[in-house]
file entry09.txt (compact mmCIF, C-alpha atoms)
# COMPACT_ATOMS: atom_id res chain seq x y z
CA MET Z 9 127.88 91.66 105.92
CA VAL Z 10 130.25 91.39 102.97
CA THR Z 11 129.53 88.60 100.47
CA GLU Z 12 132.19 86.74 98.47
CA GLU Z 13 131.31 88.72 95.34
CA GLU Z 14 131.59 91.97 97.20
CA LYS Z 15 135.00 90.92 98.55
CA ALA Z 16 136.22 90.13 95.04
CA LEU Z 17 134.95 93.46 93.72
CA LEU Z 18 136.43 95.26 96.71
CA VAL Z 19 139.88 93.90 95.91
CA ALA Z 20 139.75 94.56 92.18
CA ARG Z 21 137.93 97.90 92.11
CA PRO Z 22 137.39 99.42 95.55
CA ASP Z 23 135.57 102.40 94.08
CA LEU Z 24 133.03 100.06 92.41
CA ALA Z 25 132.41 98.30 95.72
CA ALA Z 26 131.78 101.69 97.32
CA ILE Z 27 129.38 102.62 94.52
CA ALA Z 28 127.54 99.32 94.88
CA GLN Z 29 126.87 100.11 98.54
CA TRP Z 30 124.97 103.20 97.47
CA ILE Z 31 122.64 101.40 95.06
CA ALA Z 32 119.31 100.37 96.53
CA PRO Z 33 118.00 96.91 95.58
CA GLY Z 34 115.94 97.08 92.40
CA ALA Z 35 117.23 100.54 91.42
CA ARG Z 36 117.45 101.24 87.68
CA VAL Z 37 121.07 101.99 86.94
CA LEU Z 38 122.96 103.50 84.00
CA ASP Z 39 126.72 102.89 84.07
CA LEU Z 40 128.63 105.29 81.82
CA GLY Z 41 132.02 103.96 80.76
CA CYS Z 42 131.11 100.52 82.07
CA GLY Z 43 134.20 98.64 80.87
CA ASP Z 44 133.45 94.92 80.77
CA GLY Z 45 130.20 95.33 82.68
CA ALA Z 46 131.55 93.95 85.99
CA LEU Z 47 129.64 96.49 88.08
CA LEU Z 48 126.37 95.95 86.21
CA ARG Z 49 126.76 92.19 86.51
CA TYR Z 50 127.39 92.56 90.23
CA LEU Z 51 124.48 94.96 90.75
CA TRP Z 52 122.08 92.56 89.02
CA ASP Z 53 123.34 89.44 90.80
CA ALA Z 54 123.68 90.96 94.26
CA ARG Z 55 121.02 93.70 94.29
CA GLN Z 56 118.59 92.81 91.51
CA ALA Z 57 119.27 96.26 90.15
CA PRO Z 58 118.53 96.26 86.39
CA GLY Z 59 120.80 98.42 84.28
CA TYR Z 60 122.43 99.42 81.03
CA GLY Z 61 126.04 100.21 80.37
CA VAL Z 62 127.49 102.73 77.95
CA GLU Z 63 130.91 101.94 76.55
CA ILE Z 64 132.82 103.03 73.42
CA GLU Z 65 135.77 100.59 73.24
CA ASP Z 66 135.05 97.60 70.97
CA GLU Z 67 136.78 95.01 73.16
CA SER Z 68 134.99 96.17 76.29
CA VAL Z 69 131.64 96.21 74.50
CA ILE Z 70 132.14 92.62 73.38
CA ALA Z 71 133.15 91.68 76.93
CA CYS Z 72 129.85 93.16 78.13
CA VAL Z 73 127.90 91.07 75.62
CA ALA Z 74 129.78 87.99 76.83
CA ASN Z 75 129.03 89.04 80.41
CA ASP Z 76 125.31 89.15 79.54
CA VAL Z 77 124.85 92.81 80.49
CA ASN Z 78 123.00 95.39 78.39
CA VAL Z 79 125.61 97.54 76.69
CA LEU Z 80 125.15 100.50 74.35
CA GLN Z 81 128.09 101.50 72.18
CA VAL Z 82 127.68 105.27 71.92
CA ASP Z 83 130.02 108.19 72.50
CA LEU Z 84 129.48 109.89 75.86
CA GLU Z 85 130.90 113.13 74.48
CA SER Z 86 127.71 113.57 72.44
CA GLY Z 87 125.63 113.44 75.57
CA LEU Z 88 122.97 111.00 76.65
CA SER Z 89 120.44 111.69 73.90
CA LEU Z 90 119.42 108.03 73.87
CA PHE Z 91 117.92 108.40 77.32
CA ALA Z 92 114.74 110.10 78.41
CA ASP Z 93 114.55 112.58 81.32
CA GLY Z 94 114.44 110.91 84.69
CA SER Z 95 114.50 107.40 83.23
CA PHE Z 96 117.01 106.07 85.76
CA ASP Z 97 117.32 106.06 89.53
CA CYS Z 98 121.07 106.33 89.37
CA VAL Z 99 123.62 107.24 86.69
CA ILE Z 100 127.19 106.20 87.38
CA LEU Z 101 130.40 107.63 85.90
CA SER Z 102 133.26 105.71 87.44
CA GLN Z 103 136.85 106.75 86.76
CA THR Z 104 135.83 108.30 83.45
CA LEU Z 105 135.18 111.99 84.21
CA GLN Z 106 138.86 112.78 83.88
CA ALA Z 107 138.91 111.28 80.36
CA MET Z 108 135.94 113.33 79.14
CA ARG Z 109 136.20 116.49 77.06
CA HIS Z 110 132.73 117.68 78.03
CA THR Z 111 132.93 117.38 81.80
CA GLU Z 112 130.26 119.90 82.77
CA GLY Z 113 128.04 118.62 79.97
CA ILE Z 114 128.13 115.02 81.07
CA LEU Z 115 127.43 115.91 84.71
CA ARG Z 116 124.37 117.93 83.68
CA GLU Z 117 123.18 115.15 81.38
CA MET Z 118 123.62 112.58 84.15
CA LEU Z 119 121.28 114.57 86.38
CA ARG Z 120 118.79 115.06 83.57
CA VAL Z 121 118.59 111.34 82.97
CA GLY Z 122 118.92 110.13 86.56
CA ARG Z 123 117.58 111.07 89.97
CA GLU Z 124 121.08 110.68 91.36
CA ALA Z 125 124.56 110.68 89.91
CA ILE Z 126 127.53 108.79 91.28
CA VAL Z 127 130.91 110.00 90.08
CA SER Z 128 134.36 108.63 90.90
CA PHE Z 129 137.74 109.88 89.74
CA PRO Z 130 141.41 109.72 90.66
CA ASN Z 131 142.35 112.59 92.97
CA PHE Z 132 145.12 114.64 91.43
CA GLY Z 133 145.66 116.32 94.81
CA HIS Z 134 147.05 113.17 96.44
CA TRP Z 135 150.42 113.85 98.10
CA SER Z 136 152.30 111.50 95.74
CA ALA Z 137 151.10 113.51 92.73
CA ARG Z 138 152.07 116.79 94.39
CA ILE Z 139 155.57 115.50 95.19
CA GLN Z 140 156.12 114.31 91.61
CA ILE Z 141 155.09 117.67 90.18
CA ALA Z 142 157.26 119.44 92.75
CA LEU Z 143 160.11 117.28 91.46
CA GLY Z 144 159.29 118.42 87.94
CA ARG Z 145 157.35 115.52 86.38
CA MET Z 146 153.76 114.65 85.56
CA PRO Z 147 152.60 112.19 88.20
CA VAL Z 148 152.35 108.48 87.51
CA SER Z 149 150.86 106.22 90.17
CA ALA Z 150 148.55 103.27 90.68
CA THR Z 151 145.52 105.51 90.15
CA LEU Z 152 147.21 107.75 87.56
CA PRO Z 153 148.88 104.98 85.58
CA TYR Z 154 149.50 106.68 82.23
CA ALA Z 155 152.53 108.51 80.89
CA TRP Z 156 151.67 112.07 79.86
CA TYR Z 157 152.14 111.36 76.14
CA GLU Z 158 149.71 108.42 75.97
CA THR Z 159 147.08 109.21 78.57
CA PRO Z 160 143.35 109.34 77.80
CA ASN Z 161 142.96 111.62 80.82
CA VAL Z 162 142.40 115.16 79.66
CA HIS Z 163 140.64 116.73 82.63
CA HIS Z 164 142.27 115.83 85.91
CA CYS Z 165 140.96 117.38 89.09
CA THR Z 166 141.32 117.20 92.84
CA VAL Z 167 138.70 116.59 95.52
CA THR Z 168 138.61 120.34 96.14
CA ASP Z 169 138.29 121.15 92.43
CA PHE Z 170 135.35 118.80 91.95
CA GLU Z 171 133.49 120.16 94.95
CA ASP Z 172 134.06 123.71 93.67
CA LEU Z 173 132.63 122.74 90.28
CA CYS Z 174 129.57 121.18 91.87
CA ARG Z 175 128.94 124.37 93.84
CA ARG Z 176 129.38 126.46 90.72
CA ILE Z 177 126.99 124.52 88.49
CA GLY Z 178 124.37 123.74 91.10
CA ILE Z 179 125.05 120.10 91.86
CA ARG Z 180 124.37 119.01 95.40
CA ILE Z 181 126.79 116.53 96.97
CA ARG Z 182 124.89 114.08 99.17
CA GLU Z 183 127.68 111.72 100.11
CA ARG Z 184 131.43 111.52 99.64
CA LEU Z 185 133.83 108.64 100.10
CA VAL Z 186 137.53 109.14 99.55
CA LEU Z 187 139.72 106.05 99.35
CA HIS Z 188 143.37 105.16 99.29
CA GLU Z 189 144.38 101.58 98.46
CA GLY Z 190 140.85 100.41 99.12
CA ARG Z 191 140.53 101.96 102.58
CA PRO Z 192 138.44 105.03 103.47
CA VAL Z 193 140.31 108.30 104.11
CA THR Z 194 138.67 110.73 106.54
CA LEU Z 195 141.67 112.90 107.43
CA MET Z 196 142.77 115.47 104.84
CA PRO Z 197 141.05 113.66 101.94
CA ASN Z 198 142.42 116.00 99.25
CA PHE Z 199 145.96 115.16 100.41
CA LEU Z 200 145.71 111.54 101.52
CA GLY Z 201 142.99 110.18 99.20
CA SER Z 202 143.74 108.71 95.75
CA ILE Z 203 140.18 107.92 94.58
CA ALA Z 204 137.14 110.08 95.31
CA VAL Z 205 133.56 108.85 94.99
CA TYR Z 206 130.56 111.19 95.17
CA ARG Z 207 126.79 110.72 95.25
CA CYS Z 208 125.06 113.83 93.91
CA THR Z 209 121.67 115.20 92.99
CA ALA Z 210 120.53 118.33 91.17
CA ARG Z 211 119.88 121.21 93.51
CA MET R 87 110.33 84.97 70.19
CA ARG R 88 113.05 85.24 72.78
CA HIS R 89 115.82 87.01 70.93
CA ALA R 90 115.91 89.47 68.05
CA LEU R 91 119.12 90.42 66.30
CA VAL R 92 118.54 93.57 64.31
CA ILE R 93 121.47 94.23 62.02
CA ALA R 94 122.09 97.19 59.68
CA ALA R 95 118.39 98.06 59.86
CA ALA R 96 115.96 100.95 60.14
CA PRO R 97 112.49 101.32 61.66
CA ARG R 98 111.20 102.55 58.28
CA LEU R 99 112.68 103.79 55.02
CA SER R 100 113.75 107.37 54.56
CA ALA R 101 112.71 109.53 51.59
CA GLN R 102 116.14 108.84 50.04
CA ASN R 103 115.72 105.07 50.48
CA ILE R 104 112.31 105.25 48.79
CA ALA R 105 113.77 107.41 46.04
CA PHE R 106 116.36 104.78 45.13
CA ASN R 107 113.71 102.06 45.17
CA GLU R 108 111.53 104.15 42.88
CA VAL R 109 114.32 104.63 40.35
CA ALA R 110 114.86 100.87 40.31
CA ARG R 111 111.14 100.27 39.84
CA GLN R 112 110.92 102.83 37.05
CA ALA R 113 113.79 101.13 35.26
CA ILE R 114 111.88 97.84 35.36
CA MET R 115 108.42 99.22 34.55
CA THR R 116 109.60 101.33 31.63
CA ASP R 117 111.52 98.43 30.12
CA PRO R 118 109.81 97.69 26.77
CA ASP R 119 109.78 94.00 27.72
CA PHE R 120 107.81 94.62 30.93
CA HIS R 121 104.34 94.38 29.35
CA GLY R 122 102.55 95.55 32.49
CA GLY R 123 104.00 92.61 34.42
CA HIS R 124 102.78 89.93 31.98
CA TYR R 125 106.21 89.40 30.44
CA TYR R 126 106.29 85.61 30.77
CA GLU R 127 103.20 85.40 28.57
CA LYS R 128 105.19 87.24 25.93
CA GLY R 129 108.18 84.97 26.44
CA VAL R 130 110.47 87.77 27.58
CA VAL R 131 111.78 89.34 30.78
CA PRO R 132 112.53 93.05 31.40
CA ALA R 133 116.23 92.28 31.73
CA ARG R 134 117.46 95.82 31.02
CA GLY R 135 115.33 97.21 33.85
CA LEU R 136 116.49 94.51 36.25
CA ARG R 137 120.12 95.19 35.32
CA ILE R 138 119.79 98.89 36.08
CA ALA R 139 117.84 98.20 39.29
CA ARG R 140 120.64 95.94 40.48
CA MET R 141 123.32 98.47 39.58
CA ILE R 142 121.58 101.13 41.65
CA GLY R 143 121.11 98.70 44.52
CA HIS R 144 124.78 97.82 44.50
CA ILE R 145 125.86 101.42 44.72
CA THR R 146 123.72 101.92 47.83
CA TYR R 147 125.15 98.81 49.50
CA LEU R 148 128.76 99.94 49.13
CA SER R 149 130.47 102.87 50.78
CA ASN R 150 132.45 105.50 48.92
CA ASP R 151 135.63 104.39 50.68
CA ALA R 152 135.02 100.73 49.91
CA MET R 153 134.44 101.51 46.23
CA MET R 154 137.60 103.64 46.05
CA GLU R 155 139.61 100.87 47.69
CA LYS R 156 138.21 98.06 45.57
CA PHE R 157 137.98 99.82 42.20
CA GLY R 158 139.50 103.26 42.43
CA ARG R 159 139.96 104.58 38.92
CA LEU R 160 141.31 101.30 37.57
CA LEU R 161 140.91 101.00 33.85
CA ARG R 162 139.77 97.78 32.23
CA ARG R 163 141.66 98.27 29.01
CA GLY R 164 144.76 100.05 30.25
CA ALA R 165 143.80 103.33 28.55
CA LEU R 166 140.67 105.40 28.00
CA GLY R 167 138.62 104.00 25.13
CA PHE R 168 136.70 107.13 24.07
CA ASP R 169 133.69 104.94 23.45
CA PHE R 170 130.76 103.84 25.59
CA ASP R 171 132.10 100.45 26.52
CA ALA R 172 133.12 100.04 30.15
CA ASP R 173 136.29 102.10 30.61
CA PHE R 174 136.60 101.72 34.40
CA GLU R 175 136.59 98.53 36.46
CA ILE R 176 133.64 99.79 38.51
CA GLU R 177 131.56 100.06 35.33
CA SER R 178 132.44 96.53 34.34
CA TYR R 179 131.66 95.28 37.85
CA LEU R 180 128.23 96.91 37.90
CA ARG R 181 127.38 95.65 34.43
CA TYR R 182 128.39 92.13 35.44
CA GLN R 183 126.38 92.21 38.69
CA GLY R 184 123.37 93.57 36.81
CA GLU R 185 123.65 90.89 34.12
CA LYS R 186 123.87 88.08 36.66
CA PHE R 187 120.90 89.45 38.63
CA SER R 188 118.66 89.86 35.62
CA SER R 189 119.16 86.20 34.73
CA TYR R 190 117.68 84.86 37.95
CA PHE R 191 115.57 87.51 39.69
CA ASP R 192 111.89 87.95 38.84
CA ALA R 193 110.91 91.54 37.99
CA ASN R 194 107.42 91.48 39.55
CA THR R 195 108.94 90.15 42.76
CA TYR R 196 111.46 93.00 42.79
CA LEU R 197 108.67 95.54 42.41
CA ARG R 198 106.68 94.04 45.26
CA ILE R 199 109.63 93.57 47.63
CA THR R 200 110.68 97.20 47.25
CA LYS R 201 107.08 98.34 47.78
CA ALA R 202 106.89 96.24 50.95
CA LEU R 203 110.11 97.88 52.13
CA ASP R 204 108.74 101.34 51.34
CA TYR R 205 105.47 100.65 53.17
CA PHE R 206 107.07 99.08 56.24
CA ASP R 207 106.44 101.42 59.19
CA PRO R 208 105.38 99.80 62.46
CA ALA R 209 105.08 103.24 64.09
CA ALA R 210 102.46 104.36 61.56
CA ASP R 211 99.67 102.55 63.44
CA PHE R 212 100.71 104.42 66.58
CA GLY R 213 100.78 107.96 65.28
CA GLY R 214 104.47 107.73 64.45
CA ASP R 215 105.43 106.65 67.97
CA LEU R 216 107.97 103.84 67.58
CA ALA R 217 108.15 103.26 71.33
CA ALA R 218 104.40 102.61 71.39
CA ALA R 219 104.78 100.25 68.43
CA LEU R 220 107.50 98.25 70.22
CA ALA R 221 105.72 98.18 73.59
CA ARG R 222 104.49 94.65 73.07
CA ALA R 223 107.91 93.26 72.08
CA LYS R 224 109.05 90.73 74.66
CA ALA R 225 112.31 89.58 73.09
CA ALA R 226 115.80 90.54 74.13
CA PHE R 227 117.39 92.63 71.38
CA LEU R 228 120.85 92.96 69.92
CA VAL R 229 120.97 95.91 67.54
CA VAL R 230 124.05 96.35 65.34
CA SER R 231 124.89 99.13 62.89
CA PHE R 232 127.94 99.90 60.75
CA ASN R 233 129.20 103.45 60.65
CA SER R 234 129.96 103.39 56.89
CA ASP R 235 126.43 102.20 56.06
CA TRP R 236 124.76 105.17 54.41
CA ARG R 237 121.71 103.21 53.25
CA PHE R 238 120.69 102.42 56.83
CA ALA R 239 122.87 104.71 58.90
CA PRO R 240 123.62 104.19 62.63
CA ALA R 241 121.19 107.01 63.47
CA ARG R 242 118.36 104.78 62.23
CA SER R 243 119.43 101.95 64.53
CA ARG R 244 119.65 104.39 67.41
CA GLU R 245 115.97 105.25 66.80
CA ILE R 246 115.19 101.58 67.38
CA VAL R 247 117.40 101.44 70.48
CA ARG R 248 115.77 104.59 71.89
CA ALA R 249 112.30 103.08 71.44
CA LEU R 250 113.42 99.85 73.15
CA LEU R 251 115.00 101.79 76.02
CA ASP R 252 111.77 103.75 76.47
CA ASN R 253 110.09 100.38 76.91
CA ARG R 254 112.80 99.20 79.33
CA ARG R 255 113.62 96.22 77.15
CA ILE R 256 116.71 94.05 77.36
CA VAL R 257 118.83 95.59 74.58
CA SER R 258 122.45 95.92 73.59
CA TYR R 259 123.67 98.15 70.77
CA LEU R 260 126.89 97.99 68.80
CA GLU R 261 128.09 100.58 66.31
CA ILE R 262 130.87 98.89 64.39
CA ASP R 263 133.53 100.97 62.68
CA ALA R 264 133.70 98.83 59.53
CA PRO R 265 134.46 100.21 56.06
CA GLY R 266 132.20 98.13 53.81
CA GLY R 267 128.99 100.22 53.79
CA HIS R 268 125.68 98.41 54.17
CA ASP R 269 127.43 95.33 52.78
CA ALA R 270 129.40 95.10 56.03
CA PHE R 271 126.66 92.97 57.53
CA LEU R 272 127.72 90.21 55.10
CA LEU R 273 131.45 90.64 55.42
CA GLU R 274 134.18 89.41 57.76
CA ASP R 275 134.78 91.68 60.71
CA ALA R 276 136.42 90.39 63.86
CA ARG R 277 134.49 92.63 66.25
CA TYR R 278 131.14 92.02 64.56
CA HIS R 279 131.59 88.25 64.60
CA ALA R 280 132.99 88.24 68.14
CA ALA R 281 129.93 90.15 69.35
CA LEU R 282 127.51 87.76 67.65
CA ARG R 283 129.41 84.75 68.96
CA ALA R 284 129.34 86.18 72.50
CA TYR R 285 125.61 86.87 72.22
CA PHE R 286 124.80 83.42 70.87
CA ALA R 287 126.94 81.78 73.56
CA ASN R 288 124.60 83.17 76.20
CA ILE R 289 121.43 81.87 74.58
CA GLU R 290 120.03 78.84 76.37
CA LEU R 291 118.54 76.35 73.98

call {"tool": "encode", "arguments": {"input": "entry09.txt", "output": "C-alpha cells"}}
result
Amino acid sequence: MVTEEEKALLVARPDLAAIAQWIAPGARVLDLGCGDGALLRYLWDARQAPGYGVEIEDESVIACVANDVNVLQVDLESGLSLFADGSFDCVILSQTLQAMRHTEGILREMLRVGREAIVSFPNFGHWSARIQIALGRMPVSATLPYAWYETPNVHHCTVTDFEDLCRRIGIRIRERLVLHEGRPVTLMPNFLGSIAVYRCTAR
Amino acid sequence: MRHALVIAAAPRLSAQNIAFNEVARQAIMTDPDFHGGHYYEKGVVPARGLRIARMIGHITYLSNDAMMEKFGRLLRRGALGFDFDADFEIESYLRYQGEKFSSYFDANTYLRITKALDYFDPAADFGGDLAAALARAKAAFLVVSFNSDWRFAPARSREIVRALLDNRRIVSYLEIDAPGGHDAFLLEDARYHAALRAYFANIEL
C-alpha cells in the first residue's frame, strides 16, 4: 500500500523510496550525504525511524535544519569518528559513494557504525554510458548529469564492479534492487539498470 | 529547558586556554594598583593589568587571517618611528581596546570570571566522561563552531556532539567556514544567521 508521501518520494527520488522500503519501523538510521534531509523526514513521518544526517554542503545543511531533521556537518572523507560502534541499525549512503575519495574506507566505517549498510549509486555500466564511451565521450545522462570537467564524481563503478568489491573486502550483499527511470530492472541489471541499491552487512 | 544553542564553545578549557587566562590574571594581580583586590579602598584601579588582559583576550578572539586582513602591516604614522609608540595599526588597536576595557571592567570580576571558566568541567564529576555528564540533558541541541576559531576549535564542539550522540539526543551540528576567529559568533555570516533563523522558525512557543 503506497501512501501519498511515498508516491511523492518515488517520483522525485526512486532510489530513496526503495531504501525506505528496507527500513523497519523504529530503526535508528544514519543518512550519509543526506542532502536536504528529505529521506530522514520521510522515515520519521512514515516509519517513526529516528535518525541523523551527515552533510557537508552549507545550503543543504541549512535546509536540513529548516526541515527539522538532525544534521551533522562533518566531512565523510575523515570517516565516521563521531559515531560509536554499532550505534545504528542502518547506515545509508545514497548516490554519494561515487563522489567519495575513500570508498573502501567509508564502506568499512558504515558497517562498523551500523548493523546494516544501504548503498545506492549510478550504474556506469548502463548501455547509454557504454554507447557514449564507444562514441568517444564521457557519458552524460539523467543519472550521470555532470560534464567531466565539473563533476564531483571521482569513483564511478558498475553493478558488477561494486559486487566484486564487496566480495573482495568481505561485505555480504543481502538484497539488491536495480532501477531504471523508477522501475525495477531484473534482466541484465548491469546493462539495463541506471541506479543500483544494495543492502549489505559485514560478513 | 527545551532548546540549547551551543555556539563557539568547548566542554572545558584546554591547557592553552587556561594559560592565556593565567597571563591575563598575572597582569592584573601584579599591577601595583591591585592592592590584593582592595583597590577601591585605595581610590585606584589596576588599569595597566586590565589593559594587558584585554589585549591578550583580543588576540585570542581573532584569527591570524582576520588580523592580516584588517590590519596587515599598516603603519599609523606612515613610516617606522624607531620609538616605542605604536608603529603599526594593530598596536594602536590593541592599546585602544585595552584602554576602553580598563575604564569600565572591574578587575576582581575579571579574575573570578576567568577562574570560573578554568574550573568549568561538567565531565569532572563523572570521571571525565562527558557523555555521562550530559545523560540527563533533555533539551534539543544546536551546536555551532567556526573553523577559524582557534580559542575554541571545532574539535571541541565535536566532543560535545559526540557526547550528545552517545546519549541519542536531538542534535544538529554546523561547522561554519567563516574567517573571523572566535569573534565569528558575533559577526555577520549569511550561513550562520540562516541556520539560526531556520532553527528558531521551528521552535513552537

call {"tool": "axis_aligned_box", "arguments": {"input": "entry09.txt", "around": "stretch 255-273 of chain R", "padding_each_side": "8 Å", "output": "lines of an AutoDock Vina configuration file"}}
result
center_x = 124.0
center_y = 95.6
center_z = 65.1
size_x = 36.8
size_y = 26.8
size_z = 40.6

call {"tool": "residues_near_point", "arguments": {"input": "entry09.txt", "point": "(132.9, 97.5, 77.6)", "cutoff": "10 Å", "atoms": "all atoms listed in the file", "output": "list in words"}}
result
Leu40, Gly41, Cys42, Gly43, Asp44, Gly45, Ala46, Gly61, Val62, Glu63, Ile64, Glu65, Asp66, Glu67, Ser68, Val69, Ile70, Ala71, Cys72, Val73, Asn75, Val77, Val79, Leu80 and Gln81 of chain Z

call {"tool": "closest_atom_pairs", "arguments": {"input": "entry09.txt", "of": "chain R", "to": "chain Z", "cutoff": "7 Å", "atoms": "all atoms listed in the file", "output": "Markdown table"}}
result
| residue | atom | partner | partner_atom | distance |
| --- | --- | --- | --- | --- |
| R:Arg248 | CA | Z:Leu90 | CA | 5.4 |
| R:Ile256 | CA | Z:Asn78 | CA | 6.5 |
| R:Val257 | CA | Z:Asn78 | CA | 5.7 |
| R:Ser258 | CA | Z:Val79 | CA | 4.7 |
| R:Tyr259 | CA | Z:Leu80 | CA | 4.5 |
| R:Leu260 | CA | Z:Gln81 | CA | 5.0 |
| R:Glu261 | CA | Z:Gln81 | CA | 5.9 |
| R:Arg277 | CA | Z:Asp66 | CA | 6.9 |
| R:Ala280 | CA | Z:Ile70 | CA | 6.9 |
| R:Ala281 | CA | Z:Ile70 | CA | 5.2 |
| R:Ala284 | CA | Z:Ala74 | CA | 4.7 |
| R:Tyr285 | CA | Z:Val73 | CA | 5.9 |
| R:Asn288 | CA | Z:Asp76 | CA | 6.9 |

call {"tool": "atom_distance", "arguments": {"input": "entry09.txt", "atom1": "atom CA of R:Glu185", "atom2": "atom CA of R:Arg140"}}
result
8.7 Å

call {"tool": "residues_near_point", "arguments": {"input": "entry09.txt", "point": "(108.5, 88.7, 41.0)", "cutoff": "12 Å", "atoms": "only C-alpha atoms", "output": "PyMOL selection string"}}
result
chain R and resi 111+114+120+123-126+131-132+136+188+190-201

call {"tool": "residues_around", "arguments": {"input": "entry09.txt", "residues": "R:Ile138", "least_positions_apart": "6", "cutoff": "10 Å", "atoms": "all atoms listed in the file", "output": "list in words"}}
result
Val109, Ala110, Arg111, Gln112, Ala113, Ile114, His144, Leu180, Arg181, Gln183, Gly184, Glu185, Phe187 and Ser188 of chain R

call {"tool": "atom_distance", "arguments": {"input": "entry09.txt", "atom1": "atom CA of Z:Ile203", "atom2": "atom CA of Z:Tyr154"}}
result
15.5 Å

call {"tool": "closest_residue", "arguments": {"input": "entry09.txt", "among": "Z:Leu187, Z:Leu88, Z:Leu38, Z:Ala57", "to": "Z:Pro130", "atoms": "only C-alpha atoms"}}
result
Z:Leu187

call {"tool": "residues_around", "arguments": {"input": "entry09.txt", "residues": "Z:Ala150", "least_positions_apart": "2", "cutoff": "10 Å", "atoms": "all atoms listed in the file", "output": "number ranges by chain"}}
result
Z: 130, 148, 152-154, 189, 202

call {"tool": "write_last_selection", "arguments": {"input": "entry09.txt", "atoms": "C-alpha atoms", "output": "compact mmCIF listing (two decimals), keeping the file's coordinate frame"}}
result
# COMPACT_ATOMS: atom_id res chain seq x y z
CA PRO Z 130 141.41 109.72 90.66
CA VAL Z 148 152.35 108.48 87.51
CA LEU Z 152 147.21 107.75 87.56
CA PRO Z 153 148.88 104.98 85.58
CA TYR Z 154 149.50 106.68 82.23
CA GLU Z 189 144.38 101.58 98.46
CA SER Z 202 143.74 108.71 95.75
